[in-house]
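Visitor: Got my_file-v5.txt for you, compact mmCIF, C-alpha atoms and all ligand atoms:
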```txt
# COMPACT_ATOMS: atom_id res chain seq x y z
CA MET A 1 83.87 183.54 178.48
CA VAL A 2 83.22 179.77 178.59
CA GLY A 3 82.12 178.35 181.94
CA HIS A 4 81.37 175.04 183.64
CA ALA A 5 77.75 174.83 182.42
CA GLU A 6 78.63 175.21 178.74
CA LEU A 7 81.51 172.76 178.96
CA LYS A 8 79.36 170.23 180.76
CA SER A 9 76.62 170.47 178.17
CA LEU A 10 79.23 170.05 175.41
CA PHE A 11 80.65 166.88 177.01
CA GLU A 12 77.24 165.52 178.02
CA SER A 13 76.08 165.78 174.42
CA LEU A 14 78.36 162.79 173.70
CA ASN A 15 76.16 160.56 175.89
CA LEU A 16 79.10 158.84 177.57
CA ALA A 17 78.07 159.31 181.21
CA ASN A 18 78.74 155.64 182.10
CA THR A 19 81.86 155.33 180.01
CA PRO A 20 85.53 155.56 181.02
CA VAL A 21 87.45 157.75 178.59
CA ILE A 22 90.95 158.76 177.53
CA ALA A 23 91.01 162.41 176.53
CA HIS A 24 93.16 164.77 174.50
CA ALA A 25 92.48 168.48 174.22
CA SER A 26 93.52 171.90 173.05
CA LEU A 27 92.03 174.60 175.23
CA LYS A 28 92.96 177.52 172.93
CA LYS A 29 89.69 177.37 170.97
CA PHE A 30 87.68 177.88 174.16
CA GLY A 31 89.28 181.29 174.62
CA ARG A 32 89.11 182.37 178.25
CA ILE A 33 87.70 179.73 180.59
CA GLU A 34 86.09 180.71 183.86
CA GLY A 35 88.31 179.05 186.51
CA GLY A 36 90.86 177.88 183.92
CA PRO A 37 91.73 174.25 182.96
CA LYS A 38 90.42 173.01 186.34
CA THR A 39 86.90 173.86 185.21
CA VAL A 40 87.33 171.70 182.11
CA ILE A 41 88.44 168.76 184.29
CA GLN A 42 85.47 169.21 186.63
CA ALA A 43 83.07 169.30 183.68
CA MET A 44 84.68 166.14 182.26
CA LEU A 45 84.53 164.27 185.57
CA GLY A 46 80.85 165.16 185.77
CA SER A 47 80.18 163.91 182.23
CA PHE A 48 82.17 160.64 182.01
CA ARG A 49 82.59 157.67 184.38
CA SER A 50 86.34 158.17 184.64
CA VAL A 51 89.04 160.10 182.78
CA ILE A 52 92.66 159.25 181.96
CA MET A 53 95.22 161.27 179.97
CA PRO A 54 98.84 160.86 178.95
CA THR A 55 101.13 162.88 181.22
CA PHE A 56 104.27 161.99 179.29
CA THR A 57 107.69 163.38 180.30
CA TYR A 58 110.20 163.50 177.44
CA LYS A 59 112.84 165.40 179.40
CA THR A 60 113.80 162.17 181.18
CA MET A 61 115.05 160.69 177.90
CA ILE A 62 118.64 159.81 176.99
CA THR A 63 119.99 158.97 173.53
CA PRO A 64 122.79 156.41 173.94
CA GLU A 65 125.87 156.05 171.74
CA VAL A 66 124.82 152.60 170.53
CA GLY A 67 121.70 150.41 170.64
CA PRO A 68 119.51 148.01 168.65
CA PRO A 69 119.38 148.56 164.87
CA ASN A 70 116.43 150.11 162.96
CA ASN A 71 115.20 151.78 166.12
CA GLY A 72 114.09 155.12 164.60
CA ILE A 73 116.85 157.04 166.36
CA THR A 74 120.29 158.48 165.55
CA TYR A 75 122.58 157.12 168.24
CA GLY A 76 125.06 159.56 169.70
CA SER A 77 123.18 162.55 168.24
CA ASP A 78 121.87 164.11 171.41
CA ARG A 79 124.87 164.55 173.69
CA ASP A 80 123.95 168.07 174.79
CA ASN A 81 120.35 167.13 175.62
CA ASN A 82 121.57 164.04 177.49
CA LYS A 83 123.36 166.31 179.93
CA MET A 84 120.07 168.09 180.67
CA ALA A 85 117.98 164.93 181.11
CA GLU A 86 116.17 164.86 184.45
CA SER A 87 115.25 161.89 186.62
CA PHE A 88 111.53 161.05 186.56
CA THR A 89 109.55 161.92 189.68
CA HIS A 90 105.82 161.63 190.35
CA ALA A 91 105.62 165.41 190.60
CA MET A 92 107.37 166.06 187.26
CA LEU A 93 105.29 168.29 184.99
CA PRO A 94 103.88 166.70 181.84
CA ASP A 95 105.70 167.80 178.67
CA LYS A 96 104.59 171.19 177.30
CA MET A 97 103.53 169.46 174.07
CA MET A 98 100.72 167.77 176.03
CA GLY A 99 98.99 171.09 176.72
CA LEU A 100 97.51 172.43 179.96
CA LEU A 101 94.80 169.87 180.61
CA PRO A 102 97.00 166.91 181.69
CA PHE A 103 98.61 169.21 184.26
CA ALA A 104 95.16 170.01 185.65
CA LEU A 105 94.17 166.33 185.71
CA LEU A 106 97.40 165.43 187.51
CA HIS A 107 96.49 167.91 190.25
CA ALA A 108 92.78 167.06 190.42
CA GLN A 109 91.41 165.61 193.65
CA GLY A 110 91.72 161.81 193.75
CA SER A 111 94.11 161.74 190.81
CA MET A 112 96.54 158.86 190.34
CA ARG A 113 99.66 158.78 188.16
CA THR A 114 101.59 155.76 186.90
CA ALA A 115 105.36 155.52 187.35
CA HIS A 116 106.58 155.00 183.77
CA PRO A 117 109.54 157.39 183.42
CA ILE A 118 108.53 158.57 179.91
CA LEU A 119 104.98 157.39 179.25
CA SER A 120 103.09 157.95 182.52
CA PHE A 121 99.28 158.23 182.51
CA SER A 122 97.17 160.09 185.04
CA GLY A 123 93.50 159.62 185.84
CA VAL A 124 90.62 160.00 188.23
CA LYS A 125 88.43 157.02 189.20
CA ALA A 126 90.56 154.84 186.92
CA ASP A 127 93.05 153.26 189.35
CA GLU A 128 92.48 149.68 188.14
CA ILE A 129 92.96 150.73 184.54
CA LEU A 130 96.13 152.69 185.31
CA LEU A 131 97.62 149.90 187.44
CA THR A 132 97.88 147.64 184.37
CA GLN A 133 100.87 149.61 183.08
CA THR A 134 104.35 148.06 183.29
CA LEU A 135 107.71 149.13 181.93
CA PHE A 136 107.28 146.46 179.24
CA GLU A 137 103.65 147.31 178.40
CA PRO A 138 103.50 151.09 178.50
CA LEU A 139 100.21 151.22 176.56
CA ALA A 140 98.42 148.64 178.75
CA PRO A 141 96.07 151.25 180.31
CA ILE A 142 94.66 151.94 176.83
CA ALA A 143 93.97 148.20 176.36
CA ALA A 144 92.38 147.98 179.83
CA LEU A 145 90.23 151.01 179.07
CA ALA A 146 89.03 149.37 175.84
CA ASP A 147 88.16 146.19 177.76
CA ALA A 148 86.08 148.32 180.13
CA GLY A 149 84.12 149.70 177.16
CA GLY A 150 86.18 152.89 176.99
CA TRP A 151 86.15 155.61 174.36
CA VAL A 152 88.67 158.21 173.25
CA VAL A 153 87.45 161.82 173.51
CA LEU A 154 89.15 164.50 171.37
CA ILE A 155 88.41 168.09 172.45
CA ASN A 156 89.24 170.64 169.71
CA VAL A 157 91.91 168.28 168.36
CA ASP A 158 92.25 165.76 165.54
CA HIS A 159 93.63 162.21 165.43
CA SER A 160 97.26 163.36 165.14
CA VAL A 161 97.28 163.45 168.97
CA ASN A 162 95.22 160.27 169.43
CA THR A 163 97.65 158.12 171.47
CA SER A 164 95.26 155.15 171.39
CA ILE A 165 95.95 154.63 167.66
CA HIS A 166 99.43 153.52 168.78
CA TYR A 167 97.86 150.57 170.57
CA GLY A 168 96.12 149.57 167.32
CA GLU A 169 99.51 149.73 165.59
CA LYS A 170 100.98 147.48 168.25
CA LEU A 171 98.12 144.98 167.80
CA SER A 172 98.88 145.00 164.07
CA GLY A 173 102.41 143.89 164.83
CA ARG A 174 103.89 147.21 163.74
CA ARG A 175 107.43 147.85 164.99
CA GLN A 176 107.70 149.38 168.46
CA PHE A 177 110.89 151.09 169.61
CA VAL A 178 113.29 151.09 172.55
CA ARG A 179 114.00 154.31 174.40
CA TRP A 180 115.98 155.14 177.55
CA ALA A 181 115.20 157.31 180.56
CA VAL A 182 116.90 158.53 183.71
CA VAL A 183 115.46 157.23 186.97
CA GLY A 184 117.48 158.20 190.04
CA ASN A 185 121.10 157.50 189.15
CA ARG A 186 120.24 154.72 186.69
CA ILE A 187 119.38 154.62 183.02
CA VAL A 188 116.33 152.46 182.41
CA GLU A 189 115.57 150.75 179.09
CA CYS A 190 111.97 151.39 178.04
CA PRO A 191 110.70 148.95 175.37
CA GLY A 192 107.35 149.24 173.56
CA PHE A 193 107.85 152.90 172.73
CA PRO A 194 105.37 153.85 169.97
CA GLY A 195 106.01 155.41 166.55
CA ASP A 196 105.17 158.83 165.13
CA SER A 197 101.56 160.06 165.16
CA SER A 198 101.68 162.88 162.61
CA GLY A 199 100.09 160.71 159.87
CA PHE A 200 97.15 159.54 162.02
CA ASN A 201 94.56 161.84 160.45
CA ALA A 202 94.30 159.35 157.58
CA ILE A 203 91.96 157.41 159.89
CA GLU A 204 89.38 160.20 160.12
CA GLU A 205 87.32 159.30 157.03
CA TYR A 206 87.69 155.62 157.79
CA ILE A 207 86.04 155.82 161.20
CA LYS A 208 83.53 158.57 160.48
CA PRO A 209 80.57 156.15 160.82
CA ASP A 210 81.75 155.25 164.35
CA THR A 211 82.49 158.82 165.45
CA ARG A 212 80.23 160.96 167.61
CA ARG A 213 80.94 164.63 166.97
CA VAL A 214 79.33 167.74 168.41
CA ASP A 215 80.20 171.26 167.23
CA MET A 216 79.36 174.25 169.40
CA GLY A 217 80.37 177.66 168.06
CA ASP A 218 84.12 177.64 167.45
CA TYR A 219 84.79 174.48 169.39
CA PHE A 220 84.05 170.79 168.99
CA VAL A 221 84.35 167.44 170.67
CA GLN A 222 84.52 164.04 169.00
CA ALA A 223 84.60 160.52 170.41
CA VAL A 224 85.26 157.00 169.11
CA PRO A 225 84.90 153.64 170.92
CA LEU A 226 88.41 152.24 171.47
CA LYS A 227 87.61 148.70 170.32
CA ARG A 228 86.32 150.05 167.02
CA LEU A 229 89.36 152.33 166.73
CA PHE A 230 91.76 149.38 167.18
CA ALA A 231 89.84 147.34 164.59
CA ALA A 232 90.01 150.23 162.12
CA VAL A 233 93.77 150.64 162.59
CA GLN A 234 94.31 146.91 162.07
CA GLU A 235 92.15 146.90 158.92
CA MET A 236 94.01 149.89 157.49
CA ILE A 237 97.45 148.39 158.15
CA LYS A 238 96.37 145.01 156.79
CA ASN A 239 95.29 146.70 153.54
CA ASP A 240 98.38 148.91 153.40
CA PRO A 241 101.42 148.19 155.57
CA LEU A 242 102.41 151.88 155.30
CA ALA A 243 99.00 153.20 156.44
CA LEU A 244 98.98 155.99 159.05
CA LEU A 245 102.70 156.76 158.58
CA CYS A 246 103.71 160.35 157.81
CA GLN A 247 105.15 161.60 154.50
CA ASN A 248 108.18 163.37 155.96
CA PRO A 249 111.28 161.63 154.52
CA GLU A 250 113.27 162.82 157.56
CA CYS A 251 110.96 161.11 160.06
CA GLU A 252 113.10 158.45 161.72
CA ARG A 253 110.39 156.32 163.30
CA CYS A 254 108.15 156.20 160.20
CA GLY A 255 111.32 155.55 158.19
CA ALA A 256 112.16 152.57 160.40
CA VAL A 257 108.72 151.04 159.79
CA LYS A 258 108.97 151.67 156.02
CA ALA A 259 112.42 150.01 155.95
CA LEU A 260 110.83 146.78 157.20
CA GLU A 261 108.06 146.83 154.59
CA VAL A 262 109.92 147.75 151.40
ZN ZN B 1 106.55 160.15 160.80
```
Is it possible to give me this structure as structure tokens?

Guide:
Amino acid sequence: MVGHAELKSLFESLNLANTPVIAHASLKKFGRIEGGPKTVIQAMLGSFRSVIMPTFTYKTMITPEVGPPNNGITYGSDRDNNKMAESFTHAMLPDKMMGLLPFALLHAQGSMRTAHPILSFSGVKADEILLTQTLFEPLAPIAALADAGGWVVLINVDHSVNTSIHYGEKLSGRRQFVRWAVVGNRIVECPGFPGDSSGFNAIEEYIKPDTRRVDMGDYFVQAVPLKRLFAAVQEMIKNDPLALLCQNPECERCGAVKALEV
């Protein structure tokens, strides 16, 4: 069984003790963890200056009947789900797709969560970074983290879950989308919604020289400085306007970006 000491030595091997980080993780590879996901959070908070994670909530989302064109969405297609959409609250659980760790961070001592109804971030010792988020700039905490010398840390996961790549896409001028969410008895328009991330592994080879990676038994952790990550995304998209998009012809958001480039 993996415990605090092993996890701490894994994270400390990245040498990021004075660095604020954004983290993404899959805990499955660790097998049983002594104390559960909380132990992973404690080990992270002891190994990095501060930690933020996406605690996104997709069940607040509504698909309207009409909206702006080329928005990577089929209007009027989700009537049944619309009926089940729930109003965002600060206590709402992060989406299951995010895994167990964001839930543990959200409930960690001293944790703060932003109020974006779909794209909220949570963190510890990162209040100033988190407070940069607005409804119009949902990814602002990632930019603020980069300005503070931040890195992205990927625990047993690859770049297909690396939310920060979306900020590099935005900097490249790549199309962002509009989505809608329920807040109280209103429907709120949420601009700046990012594209699809399933093609993001194409960046792996490209940023290998800038990546710190440590393997320990069955599990691994890798980290990249955010500024370098953004630069790499911009270089890739400059060289190929379709870079980092997925190959699935059914993918609506990648399709919307392709439609603008062809
Ligand atoms: Zn796609």

Visitor: Neighbouring residues of Thr134 of chain A were defined as those with any atom within 9 Å, considering only C-alpha atoms; residues of the same chain fewer than 5 positions away were excluded. Please report them as a ChimeraX atom specification.

Guide: /A:114-116,139-140

Visitor: Generate a file of the selected residues that holds C-alpha atoms, formatted as a PDB file, in the coordinates of the input.

Guide:
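File produced: out-v5.pdb:
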```pdb
ATOM      1  CA  THR A 114     101.590 155.760 186.900  1.00  0.00           C
ATOM      2  CA  ALA A 115     105.360 155.520 187.350  1.00  0.00           C
ATOM      3  CA  HIS A 116     106.580 155.000 183.770  1.00  0.00           C
ATOM      4  CA  LEU A 139     100.210 151.220 176.560  1.00  0.00           C
ATOM      5  CA  ALA A 140      98.420 148.640 178.750  1.00  0.00           C
TER       6      ALA A 140
END
```

Visitor: Show me a table, sorted first by chain and then by increasing residue number, of the residues of chain A having an atom at most 9 Å from ligand ZN 1 (chain B), each with its shortest atom pair and the distance in Å to one decimal, counting all atoms listed in the file and written as a Markdown table.

Guide:
```
| residue | atom | partner | partner_atom | distance |
| --- | --- | --- | --- | --- |
| A:Gly195 | CA | B:ZN1 | ZN | 7.5 |
| A:Asp196 | CA | B:ZN1 | ZN | 4.7 |
| A:Ser197 | CA | B:ZN1 | ZN | 6.6 |
| A:Ser198 | CA | B:ZN1 | ZN | 5.9 |
| A:Gly199 | CA | B:ZN1 | ZN | 6.6 |
| A:Leu244 | CA | B:ZN1 | ZN | 8.8 |
| A:Leu245 | CA | B:ZN1 | ZN | 5.6 |
| A:Cys246 | CA | B:ZN1 | ZN | 4.1 |
| A:Gln247 | CA | B:ZN1 | ZN | 6.6 |
| A:Asn248 | CA | B:ZN1 | ZN | 6.0 |
| A:Pro249 | CA | B:ZN1 | ZN | 8.0 |
| A:Glu250 | CA | B:ZN1 | ZN | 7.9 |
| A:Cys251 | CA | B:ZN1 | ZN | 4.6 |
| A:Glu252 | CA | B:ZN1 | ZN | 6.8 |
| A:Arg253 | CA | B:ZN1 | ZN | 6.0 |
| A:Cys254 | CA | B:ZN1 | ZN | 4.3 |
| A:Gly255 | CA | B:ZN1 | ZN | 7.1 |
```

Visitor: At most 10 Å is the cut-off: for each residue in segment 111-205 of chain A with any atom that close to an atom of segment 218-230 of chain A, write down the nearest atom pair and the distance in Å rounded to one decimal, counting all atoms listed in the file, chain first then increasing number, as a tab-separated table.

Guide:
```
residue	atom	partner	partner_atom	distance
A:Ile142	CA	A:Leu226	CA	8.2
A:Ala143	CA	A:Leu226	CA	8.4
A:Leu145	CA	A:Leu226	CA	7.9
A:Ala146	CA	A:Leu226	CA	5.3
A:Asp147	CA	A:Lys227	CA	7.9
A:Ala148	CA	A:Leu226	CA	9.8
A:Gly149	CA	A:Pro225	CA	7.4
A:Gly150	CA	A:Leu226	CA	6.0
A:Trp151	CA	A:Pro225	CA	4.2
A:Val152	CA	A:Ala223	CA	5.5
A:Val153	CA	A:Ala223	CA	4.4
A:Leu154	CA	A:Gln222	CA	5.2
A:Ile155	CA	A:Val221	CA	4.5
A:Asn156	CA	A:Phe220	CA	5.2
A:Val157	CA	A:Val221	CA	7.9
A:Asp158	CA	A:Gln222	CA	8.6
A:His159	CA	A:Gln222	CA	10.0
A:Ser164	CA	A:Leu226	CA	7.4
A:Ile165	CA	A:Phe230	CA	6.7
A:His166	CA	A:Phe230	CA	8.9
A:Tyr167	CA	A:Phe230	CA	7.1
A:Gly168	CA	A:Phe230	CA	4.4
A:Glu169	CA	A:Phe230	CA	7.9
A:Lys170	CA	A:Phe230	CA	9.5
A:Leu171	CA	A:Phe230	CA	7.8
A:Ser172	CA	A:Phe230	CA	8.9
A:Ile203	CA	A:Leu229	CA	8.9
```

Visitor: Identify which of the residues A:Ser87, A:Ser120, A:Ser9, A:Asn18 lies closest to Pro138 of chain A, counting all atoms listed in the file when measuring atom-to-atom distances.

Guide: A:Ser120

Visitor: Please list as a ChimeraX atom specification every residue within 9 Å of segment 33-41 of chain A, counting only C-alpha atoms and excluding residues in the same chain fewer than 3 positions away.

Guide: /A:1-4,7-8,27,30,44-46,51,100-101,103-105,107-108

Visitor: Could you write segment 95-126 of chain A as a compact mmCIF listing (two decimals), keeping the file's coordinate frame, with N, CA and C atoms rebuilt where they are missing?

Guide:
```
# COMPACT_ATOMS: atom_id res chain seq x y z
N ASP A 95 105.04 167.02 179.72
CA ASP A 95 105.70 167.80 178.67
C ASP A 95 104.77 168.91 178.15
N LYS A 96 105.37 170.05 177.81
CA LYS A 96 104.59 171.19 177.30
C LYS A 96 103.74 170.82 176.09
N MET A 97 104.27 169.89 175.25
CA MET A 97 103.53 169.46 174.07
C MET A 97 102.15 168.88 174.40
N MET A 98 101.97 168.42 175.63
CA MET A 98 100.72 167.77 176.03
C MET A 98 99.63 168.79 176.32
N GLY A 99 99.99 170.05 176.44
CA GLY A 99 98.99 171.09 176.72
C GLY A 99 98.74 171.23 178.22
N LEU A 100 97.75 172.07 178.55
CA LEU A 100 97.51 172.43 179.96
C LEU A 100 96.61 171.45 180.70
N LEU A 101 95.81 170.70 179.94
CA LEU A 101 94.80 169.87 180.61
C LEU A 101 95.39 168.70 181.41
N PRO A 102 96.41 168.00 180.89
CA PRO A 102 97.00 166.91 181.69
C PRO A 102 97.56 167.41 183.03
N PHE A 103 98.10 168.61 183.01
CA PHE A 103 98.61 169.21 184.26
C PHE A 103 97.46 169.37 185.26
N ALA A 104 96.31 169.82 184.76
CA ALA A 104 95.16 170.01 185.65
C ALA A 104 94.61 168.67 186.14
N LEU A 105 94.65 167.66 185.29
CA LEU A 105 94.17 166.33 185.71
C LEU A 105 95.10 165.74 186.78
N LEU A 106 96.39 165.92 186.56
CA LEU A 106 97.40 165.43 187.51
C LEU A 106 97.17 166.01 188.91
N HIS A 107 96.68 167.24 188.96
CA HIS A 107 96.49 167.91 190.25
C HIS A 107 95.04 167.89 190.72
N ALA A 108 94.18 167.15 190.01
CA ALA A 108 92.78 167.06 190.42
C ALA A 108 92.66 166.18 191.67
N GLN A 109 91.61 166.41 192.44
CA GLN A 109 91.41 165.61 193.65
C GLN A 109 91.19 164.14 193.29
N GLY A 110 91.89 163.25 193.99
CA GLY A 110 91.72 161.81 193.75
C GLY A 110 92.48 161.31 192.55
N SER A 111 93.37 162.14 192.01
CA SER A 111 94.11 161.74 190.81
C SER A 111 95.22 160.74 191.13
N MET A 112 95.45 159.81 190.20
CA MET A 112 96.54 158.86 190.34
C MET A 112 97.43 158.95 189.11
N ARG A 113 98.74 158.76 189.30
CA ARG A 113 99.66 158.78 188.16
C ARG A 113 100.50 157.51 188.17
N THR A 114 100.74 156.95 186.99
CA THR A 114 101.59 155.76 186.90
C THR A 114 103.06 156.20 186.95
N ALA A 115 103.95 155.21 187.08
CA ALA A 115 105.36 155.52 187.35
C ALA A 115 106.27 155.34 186.14
N HIS A 116 105.71 155.15 184.94
CA HIS A 116 106.58 155.00 183.77
C HIS A 116 107.39 156.28 183.58
N PRO A 117 108.73 156.16 183.44
CA PRO A 117 109.54 157.39 183.42
C PRO A 117 109.33 158.28 182.19
N ILE A 118 108.81 157.73 181.09
CA ILE A 118 108.53 158.57 179.91
C ILE A 118 107.01 158.64 179.66
N LEU A 119 106.36 157.47 179.70
CA LEU A 119 104.98 157.39 179.25
C LEU A 119 104.01 157.18 180.42
N SER A 120 104.03 158.10 181.40
CA SER A 120 103.09 157.95 182.52
C SER A 120 101.70 158.44 182.10
N PHE A 121 100.68 157.79 182.69
CA PHE A 121 99.28 158.23 182.51
C PHE A 121 98.76 158.69 183.86
N SER A 122 97.85 159.67 183.82
CA SER A 122 97.17 160.09 185.04
C SER A 122 95.67 159.92 184.84
N GLY A 123 94.95 159.78 185.96
CA GLY A 123 93.50 159.62 185.84
C GLY A 123 92.80 159.77 187.16
N VAL A 124 91.48 159.94 187.06
CA VAL A 124 90.62 160.00 188.23
C VAL A 124 89.58 158.91 188.09
N LYS A 125 89.36 158.16 189.16
CA LYS A 125 88.43 157.02 189.20
C LYS A 125 88.81 155.95 188.17
N ALA A 126 90.10 155.81 187.92
CA ALA A 126 90.56 154.84 186.92
C ALA A 126 91.76 154.06 187.44
```
